[in-house]
Every structure is written in structure tokens, then in C-alpha cells.
Amino acid sequence: MSGSTTILRVDSSITGENSVSRQITGRIVEQQRAGRPDATVIERDLVAEPLPHLTLDQFADGSVLDEFLAADAVVVGAPMYNFTLPSQLKAWIDRLAVNGRTFRYTAEGKPEGLAGPKRVIIALSRGGYYGAEQGNADFEHLESYLKVIFGFIGIEPEFVRADGINLGPEVKAKAVEQALRDVDLLAA
């Protein structure tokens with residue numbers, strides 16, 4: 001690859017300095033820049049500068065999509081709110097799935113992703129645990145949604161998870177510590 005690398009960092013947590021997902025996206029960007037000190041980092045804070053809900057006029061403005069497509073790597077902070085993603089993040093994602101640009105339908109009517117290959121790393125933070133062991137796997141609509149929507153446009157996202165962050169300070173600290181260790185493994 002010639003030229004400078006571009007890393008797009010997208011944060012959507014409303015909790016500011018207390019945000020676990022922002023802490024993880026920060027570490028991911030640091031790790032990604034470690035081997036590429038000349039990398040350009042573009043930061044999109046969807047809370048400080050929210051995108052309006054999608055309308056036909058906003059859909060026609062392709063600047064968010066162009067920014068996404070131009071990035072070599074995308075780091076997304078995705079906290080779980082009410083079992084799914086924040087509406088701020090949904091407004092951003094709504095601008096990524098564009099027929100003819102990031103996906104198309106084949107003659108057989110099957111979707112084909114056009115946005116890959118691109119590295120997308122998603123920092124998940126969830127207050128509890130969502131799995132078959134806990135009996136609440138059906139409540140999880142964050143990671144499952146992000147896997148589907150990015151897959152639809154041709155990208156297989158990587159996930160770093162901090163789970164159980166609302167189960168007390170000790171559990172939260174361990175979850176964050178483990179997530180940050182997992183970030184360090186991304187480069188390996």
C-alpha cells in the first residue's frame with residue numbers, strides 16, 4: 001500500500017470519560033498506529049457531533065460513506081444500550097449500506113458486499129453477560145446486528161468485548177483489563 005494509512009475512529013458512547021468502549025477504541029487506535037506512525041486518524045464522535053436520523057436528503061449526502069470507504073481501518077466503539085446499539089451509531093451505519101456502493105444484488109437476488117476487504121475492529125461494552133449459559137442470549141442484538149450489517153457490505157468485523165461492566169467495580173475492572181489485553185493480541 002502506498003501513501004499514508006487512514007484510521008477512522010467512530011465513538012458513540014454517551015458516558016464521556018467514563019466510557020469503556022471509548023477507552024478500548026483509544027487503545028485500538030494506539031495499537032494500530034504503533035506500526036504506522038505516519039497514519040492519519042480521523043475521529044468521528046457521534047455524541048459530540050450527532051448525525052440526524054436518516055432522511056432521503058441526508059442519504060444523498062455521501063460524505064459519511066466516502067469517509068468510511070477511504071479509511072484503511074475503522075475502529076468502532078459500540079456500547080450496548082437496551083440490548084442493542086445506540087441510536088447515534090445506527091444513524092452512522094444507516095449511511096453505509098448503499099446499493100451499488102457497498103453492496104449490490106446479484107441476478108439471483110442475493111446480496112453481495114462491495115466494501116471489503118477492510119479491517120473493521122469493534123469495541124463492544126455490555127453491562128451484563130449475554131449467552132446461553134445465562135439464559136438471555138436472545139437479548140443480545142448488538143454484536144449480532146453488527147456482524148450481520150458489516151457482513152452484508154462485505155466486511156468480517158473483529159470484536160473486542162468488555163462484558164459485565166455493570167456488575168460492580170471489580171467485575172468492570174477485570175472486564176476492561178481483559179479487553180485491553182485482547183487489543184494487544186490483535187496485532188499478533
# chains A, B, ... in the order shown; residues from 1 in each chain; ligands from 1
>>> residues_around(residues="Leu96 in chain A", least_positions_apart="5", cutoff="8 Å", atoms="only C-alpha atoms", output="ChimeraX atom specification")
/A:64-65,68,102
>>> residues_around(residues="Pro52 in chain A", least_positions_apart="5", cutoff="9 Å", atoms="only C-alpha atoms", output="ChimeraX atom specification")
/A:58,88,91-92
>>> write_last_selection(atoms="C-alpha atoms", output="mmCIF file, in the first residue's frame")
data_model
loop_
_atom_site.group_PDB
_atom_site.id
_atom_site.type_symbol
_atom_site.label_atom_id
_atom_site.label_comp_id
_atom_site.auth_asym_id
_atom_site.auth_seq_id
_atom_site.Cartn_x
_atom_site.Cartn_y
_atom_site.Cartn_z
ATOM 1 C CA GLN A 58 -29.234 13.065 4.153
ATOM 2 C CA GLN A 88 -26.207 7.631 17.264
ATOM 3 C CA ALA A 91 -27.606 6.812 12.234
ATOM 4 C CA TRP A 92 -23.981 6.393 11.088
#
>>> residues_around(residues="Val120 in chain A", least_positions_apart="2", cutoff="8 Å", atoms="only C-alpha atoms", output="ChimeraX atom specification")
/A:73-76,118,122,155-158
>>> write_last_selection(atoms="N, CA and C atoms", output="CSV table (one decimal), in the first residue's frame")
chain,number,residue,atom,x,y,z
A,73,ALA,N,-8.5,1.4,7.9
A,73,ALA,CA,-9.0,0.6,9.1
A,73,ALA,C,-10.1,1.5,9.7
A,74,VAL,N,-11.1,0.8,10.3
A,74,VAL,CA,-12.2,1.5,11.0
A,74,VAL,C,-12.3,0.9,12.4
A,75,VAL,N,-12.3,1.8,13.4
A,75,VAL,CA,-12.4,1.3,14.8
A,75,VAL,C,-13.7,1.9,15.3
A,76,VAL,N,-14.6,1.0,15.8
A,76,VAL,CA,-15.9,1.5,16.2
A,76,VAL,C,-16.2,1.2,17.7
A,118,LYS,N,-11.6,-4.7,4.1
A,118,LYS,CA,-11.3,-3.5,5.0
A,118,LYS,C,-11.3,-4.0,6.4
A,122,ILE,N,-14.3,-3.6,16.2
A,122,ILE,CA,-15.4,-3.1,17.0
A,122,ILE,C,-15.2,-3.4,18.5
A,155,ILE,N,-17.7,-7.1,4.8
A,155,ILE,CA,-16.7,-7.0,5.8
A,155,ILE,C,-16.9,-8.0,6.9
A,156,GLU,N,-15.9,-8.7,7.4
A,156,GLU,CA,-16.0,-9.5,8.5
A,156,GLU,C,-15.3,-8.8,9.7
A,157,PRO,N,-16.1,-8.2,10.6
A,157,PRO,CA,-15.6,-7.3,11.6
A,157,PRO,C,-14.9,-8.2,12.7
A,158,GLU,N,-13.9,-7.6,13.4
A,158,GLU,CA,-13.3,-8.2,14.5
A,158,GLU,C,-13.9,-7.5,15.8
>>> residues_around(residues="Arg33 in chain A", least_positions_apart="3", cutoff="12 Å", atoms="only C-alpha atoms", output="PDB file with N, CA and C atoms, in the first residue's frame")
ATOM      1  N   SER A   4      -0.024   7.235   2.975  1.00  0.00           N
ATOM      2  CA  SER A   4      -0.332   7.146   4.389  1.00  0.00           C
ATOM      3  C   SER A   4      -1.566   6.290   4.626  1.00  0.00           C
ATOM      4  N   THR A   5      -1.578   5.650   5.761  1.00  0.00           N
ATOM      5  CA  THR A   5      -2.725   4.860   6.193  1.00  0.00           C
ATOM      6  C   THR A   5      -3.712   5.781   6.900  1.00  0.00           C
ATOM      7  N   THR A   6      -4.994   5.538   6.671  1.00  0.00           N
ATOM      8  CA  THR A   6      -6.037   6.306   7.341  1.00  0.00           C
ATOM      9  C   THR A   6      -6.815   5.389   8.264  1.00  0.00           C
ATOM     10  N   ILE A   7      -6.933   5.801   9.520  1.00  0.00           N
ATOM     11  CA  ILE A   7      -7.707   5.074  10.521  1.00  0.00           C
ATOM     12  C   ILE A   7      -8.883   5.953  10.902  1.00  0.00           C
ATOM     13  N   LEU A   8     -10.076   5.415  10.761  1.00  0.00           N
ATOM     14  CA  LEU A   8     -11.290   6.124  11.153  1.00  0.00           C
ATOM     15  C   LEU A   8     -11.741   5.574  12.501  1.00  0.00           C
ATOM     16  N   ARG A   9     -11.844   6.457  13.488  1.00  0.00           N
ATOM     17  CA  ARG A   9     -12.318   6.078  14.820  1.00  0.00           C
ATOM     18  C   ARG A   9     -13.714   6.664  15.012  1.00  0.00           C
ATOM     19  N   GLY A  26      -9.697   3.853  22.013  1.00  0.00           N
ATOM     20  CA  GLY A  26      -8.437   4.595  22.139  1.00  0.00           C
ATOM     21  C   GLY A  26      -7.232   3.675  22.096  1.00  0.00           C
ATOM     22  N   ARG A  27      -7.311   2.563  22.811  1.00  0.00           N
ATOM     23  CA  ARG A  27      -6.202   1.596  22.827  1.00  0.00           C
ATOM     24  C   ARG A  27      -6.036   0.941  21.456  1.00  0.00           C
ATOM     25  N   ILE A  28      -7.138   0.638  20.800  1.00  0.00           N
ATOM     26  CA  ILE A  28      -7.044   0.024  19.475  1.00  0.00           C
ATOM     27  C   ILE A  28      -6.342   0.973  18.507  1.00  0.00           C
ATOM     28  N   VAL A  29      -6.713   2.237  18.531  1.00  0.00           N
ATOM     29  CA  VAL A  29      -6.072   3.211  17.636  1.00  0.00           C
ATOM     30  C   VAL A  29      -4.588   3.327  17.960  1.00  0.00           C
ATOM     31  N   GLU A  30      -4.242   3.384  19.240  1.00  0.00           N
ATOM     32  CA  GLU A  30      -2.817   3.418  19.629  1.00  0.00           C
ATOM     33  C   GLU A  30      -2.088   2.209  19.072  1.00  0.00           C
ATOM     34  N   ARG A  36       2.521   2.149  12.361  1.00  0.00           N
ATOM     35  CA  ARG A  36       2.341   3.126  11.285  1.00  0.00           C
ATOM     36  C   ARG A  36       2.282   4.532  11.872  1.00  0.00           C
ATOM     37  N   PRO A  37       3.409   5.041  12.341  1.00  0.00           N
ATOM     38  CA  PRO A  37       3.392   6.353  12.999  1.00  0.00           C
ATOM     39  C   PRO A  37       2.926   7.493  12.086  1.00  0.00           C
ATOM     40  N   ASP A  38       2.971   7.282  10.758  1.00  0.00           N
ATOM     41  CA  ASP A  38       2.526   8.325   9.827  1.00  0.00           C
ATOM     42  C   ASP A  38       1.025   8.245   9.544  1.00  0.00           C
ATOM     43  N   ALA A  39       0.327   7.307  10.187  1.00  0.00           N
ATOM     44  CA  ALA A  39      -1.105   7.126   9.940  1.00  0.00           C
ATOM     45  C   ALA A  39      -1.891   8.380  10.309  1.00  0.00           C
ATOM     46  N   THR A  40      -2.873   8.669   9.510  1.00  0.00           N
ATOM     47  CA  THR A  40      -3.807   9.754   9.788  1.00  0.00           C
ATOM     48  C   THR A  40      -5.002   9.159  10.526  1.00  0.00           C
ATOM     49  N   VAL A  41      -5.363   9.767  11.644  1.00  0.00           N
ATOM     50  CA  VAL A  41      -6.516   9.305  12.408  1.00  0.00           C
ATOM     51  C   VAL A  41      -7.626  10.337  12.264  1.00  0.00           C
ATOM     52  N   ASP A  72      -8.509   2.996   5.698  1.00  0.00           N
ATOM     53  CA  ASP A  72      -7.890   1.675   5.582  1.00  0.00           C
ATOM     54  C   ASP A  72      -8.342   0.772   6.720  1.00  0.00           C
ATOM     55  N   ALA A  73      -8.541   1.374   7.887  1.00  0.00           N
ATOM     56  CA  ALA A  73      -9.019   0.642   9.065  1.00  0.00           C
ATOM     57  C   ALA A  73     -10.080   1.494   9.746  1.00  0.00           C
ATOM     58  N   VAL A  75     -12.284   1.757  13.406  1.00  0.00           N
ATOM     59  CA  VAL A  75     -12.400   1.332  14.799  1.00  0.00           C
ATOM     60  C   VAL A  75     -13.703   1.920  15.325  1.00  0.00           C
ATOM     61  N   ALA A 187      -2.714  -7.376  17.009  1.00  0.00           N
ATOM     62  CA  ALA A 187      -1.573  -7.236  16.096  1.00  0.00           C
ATOM     63  C   ALA A 187      -0.823  -8.544  15.905  1.00  0.00           C
TER      64      ALA A 187
END
>>> atom_distance(atom1="CA of Ser144 in chain A", atom2="CA of Ile165 in chain A")
19.1 Å
>>> closest_atom_pairs(of="range 89-156 of chain A", to="range 179-184 of chain A", cutoff="12 Å", atoms="only C-alpha atoms", output="tab-separated table")
residue	atom	partner	partner_atom	distance
A:Ile121	CA	A:Val183	CA	9.5
A:Ile122	CA	A:Val183	CA	10.4
A:Ala123	CA	A:Ala179	CA	8.5
A:Leu124	CA	A:Ala179	CA	9.2
A:Ser125	CA	A:Ala179	CA	9.3
A:Arg126	CA	A:Ala179	CA	11.8
>>> write_last_selection(atoms="C-alpha atoms", output="compact mmCIF listing (two decimals), in the first residue's frame")
# COMPACT_ATOMS: atom_id res chain seq x y z
CA ILE A 121 -12.49 -3.56 14.71
CA ILE A 122 -15.44 -3.08 17.04
CA ALA A 123 -15.07 -2.38 20.77
CA LEU A 124 -18.16 -3.76 22.49
CA SER A 125 -19.13 -2.88 26.04
CA ARG A 126 -22.09 -4.58 27.67
>>> closest_residue(among="A:Gly128, A:Ala48, A:Gln31, A:Leu69", to="Gly16 in chain A", atoms="only C-alpha atoms")
A:Ala48
>>> residues_around(residues="Arg95 in chain A", least_positions_apart="5", cutoff="10 Å", atoms="only C-alpha atoms", output="PyMOL selection string")
chain A and resi 51+53-54+58-66+68+90
>>> write_last_selection(atoms="C-alpha atoms", output="compact mmCIF listing (two decimals), in the first residue's frame")
# COMPACT_ATOMS: atom_id res chain seq x y z
CA LEU A 51 -25.83 12.71 12.67
CA HIS A 53 -31.80 10.38 11.60
CA LEU A 54 -31.70 9.28 8.02
CA GLN A 58 -29.23 13.06 4.15
CA PHE A 59 -28.96 9.78 2.28
CA ALA A 60 -27.97 11.72 -0.84
CA ASP A 61 -25.05 13.29 1.08
CA GLY A 62 -22.38 10.63 0.70
CA SER A 63 -19.71 12.30 2.88
CA VAL A 64 -20.03 9.78 5.74
CA LEU A 65 -19.86 6.88 3.31
CA ASP A 66 -16.89 8.41 1.47
CA PHE A 68 -15.73 5.19 5.65
CA LYS A 90 -27.37 3.42 13.98
>>> residues_around(residues="Glu112 in chain A", least_positions_apart="6", cutoff="10 Å", atoms="only C-alpha atoms", output="ChimeraX atom specification")
/A:99-100,102-106,151-154
>>> select_by_dssp(residues="chain A", states="strand (DSSP E or B)", output="mmCIF file with C-alpha atoms, in the first residue's frame")
data_model
loop_
_atom_site.group_PDB
_atom_site.id
_atom_site.type_symbol
_atom_site.label_atom_id
_atom_site.label_comp_id
_atom_site.auth_asym_id
_atom_site.auth_seq_id
_atom_site.Cartn_x
_atom_site.Cartn_y
_atom_site.Cartn_z
ATOM 1 C CA THR A 6 -6.037 6.306 7.341
ATOM 2 C CA ILE A 7 -7.707 5.074 10.521
ATOM 3 C CA LEU A 8 -11.290 6.124 11.153
ATOM 4 C CA ARG A 9 -12.318 6.078 14.820
ATOM 5 C CA VAL A 10 -16.055 6.197 15.495
ATOM 6 C CA ASP A 11 -17.313 6.593 19.080
ATOM 7 C CA THR A 40 -3.807 9.754 9.788
ATOM 8 C CA VAL A 41 -6.516 9.305 12.408
ATOM 9 C CA ILE A 42 -9.952 10.720 11.703
ATOM 10 C CA GLU A 43 -12.163 10.885 14.783
ATOM 11 C CA ARG A 44 -15.924 10.897 14.491
ATOM 12 C CA ASP A 45 -17.655 11.421 17.826
ATOM 13 C CA ALA A 73 -9.019 0.642 9.065
ATOM 14 C CA VAL A 74 -12.152 1.511 11.007
ATOM 15 C CA VAL A 75 -12.400 1.332 14.799
ATOM 16 C CA VAL A 76 -15.929 1.481 16.185
ATOM 17 C CA GLY A 77 -16.965 1.945 19.813
ATOM 18 C CA ALA A 78 -20.262 0.168 20.370
ATOM 19 C CA PRO A 79 -21.780 0.176 23.851
ATOM 20 C CA TYR A 81 -27.982 0.266 25.217
ATOM 21 C CA THR A 84 -28.755 -3.061 21.006
ATOM 22 C CA ASN A 99 -26.841 -0.191 -3.081
ATOM 23 C CA PHE A 103 -23.436 -3.849 -1.741
ATOM 24 C CA ARG A 104 -25.373 -4.997 -4.759
ATOM 25 C CA TYR A 105 -27.905 -7.665 -5.538
ATOM 26 C CA PRO A 111 -26.751 -9.565 -1.715
ATOM 27 C CA GLU A 112 -23.058 -9.190 -2.469
ATOM 28 C CA GLY A 113 -20.842 -6.971 -0.320
ATOM 29 C CA ARG A 119 -10.327 -4.009 8.602
ATOM 30 C CA VAL A 120 -13.122 -3.090 10.999
ATOM 31 C CA ILE A 121 -12.492 -3.562 14.711
ATOM 32 C CA ILE A 122 -15.435 -3.078 17.039
ATOM 33 C CA ALA A 123 -15.074 -2.383 20.769
ATOM 34 C CA LEU A 124 -18.162 -3.761 22.493
ATOM 35 C CA SER A 125 -19.126 -2.882 26.041
ATOM 36 C CA ARG A 126 -22.089 -4.582 27.670
ATOM 37 C CA GLU A 158 -13.291 -8.211 14.549
ATOM 38 C CA PHE A 159 -14.631 -7.749 18.070
ATOM 39 C CA VAL A 160 -13.056 -6.792 21.378
ATOM 40 C CA ARG A 161 -15.512 -7.328 24.236
ATOM 41 C CA ALA A 162 -15.872 -5.906 27.726
ATOM 42 C CA ASP A 163 -18.813 -7.713 29.315
#
>>> residues_around(residues="Val47 in chain A", least_positions_apart="3", cutoff="7 Å", atoms="only C-alpha atoms", output="list in words")
Ser12, Ser13, Ile14, Pro50 and Gln88 of chain A
>>> atom_distance(atom1="CA of Leu114 in chain A", atom2="CA of Arg101 in chain A")
6.6 Å
>>> closest_residue(among="A:Ala175, A:Ala115, A:Val148, A:Leu186", to="Tyr129 in chain A", atoms="only C-alpha atoms")
A:Ala175
>>> atom_distance(atom1="CA of Thr55 in chain A", atom2="CA of Leu89 in chain A")
15.5 Å
>>> select_by_dssp(residues="range 58-162 of chain A", states="helix (DSSP H, G or I)", output="VMD selection string")
chain A and resid 58 to 60 63 to 70 87 to 93 137 to 139 143 to 152
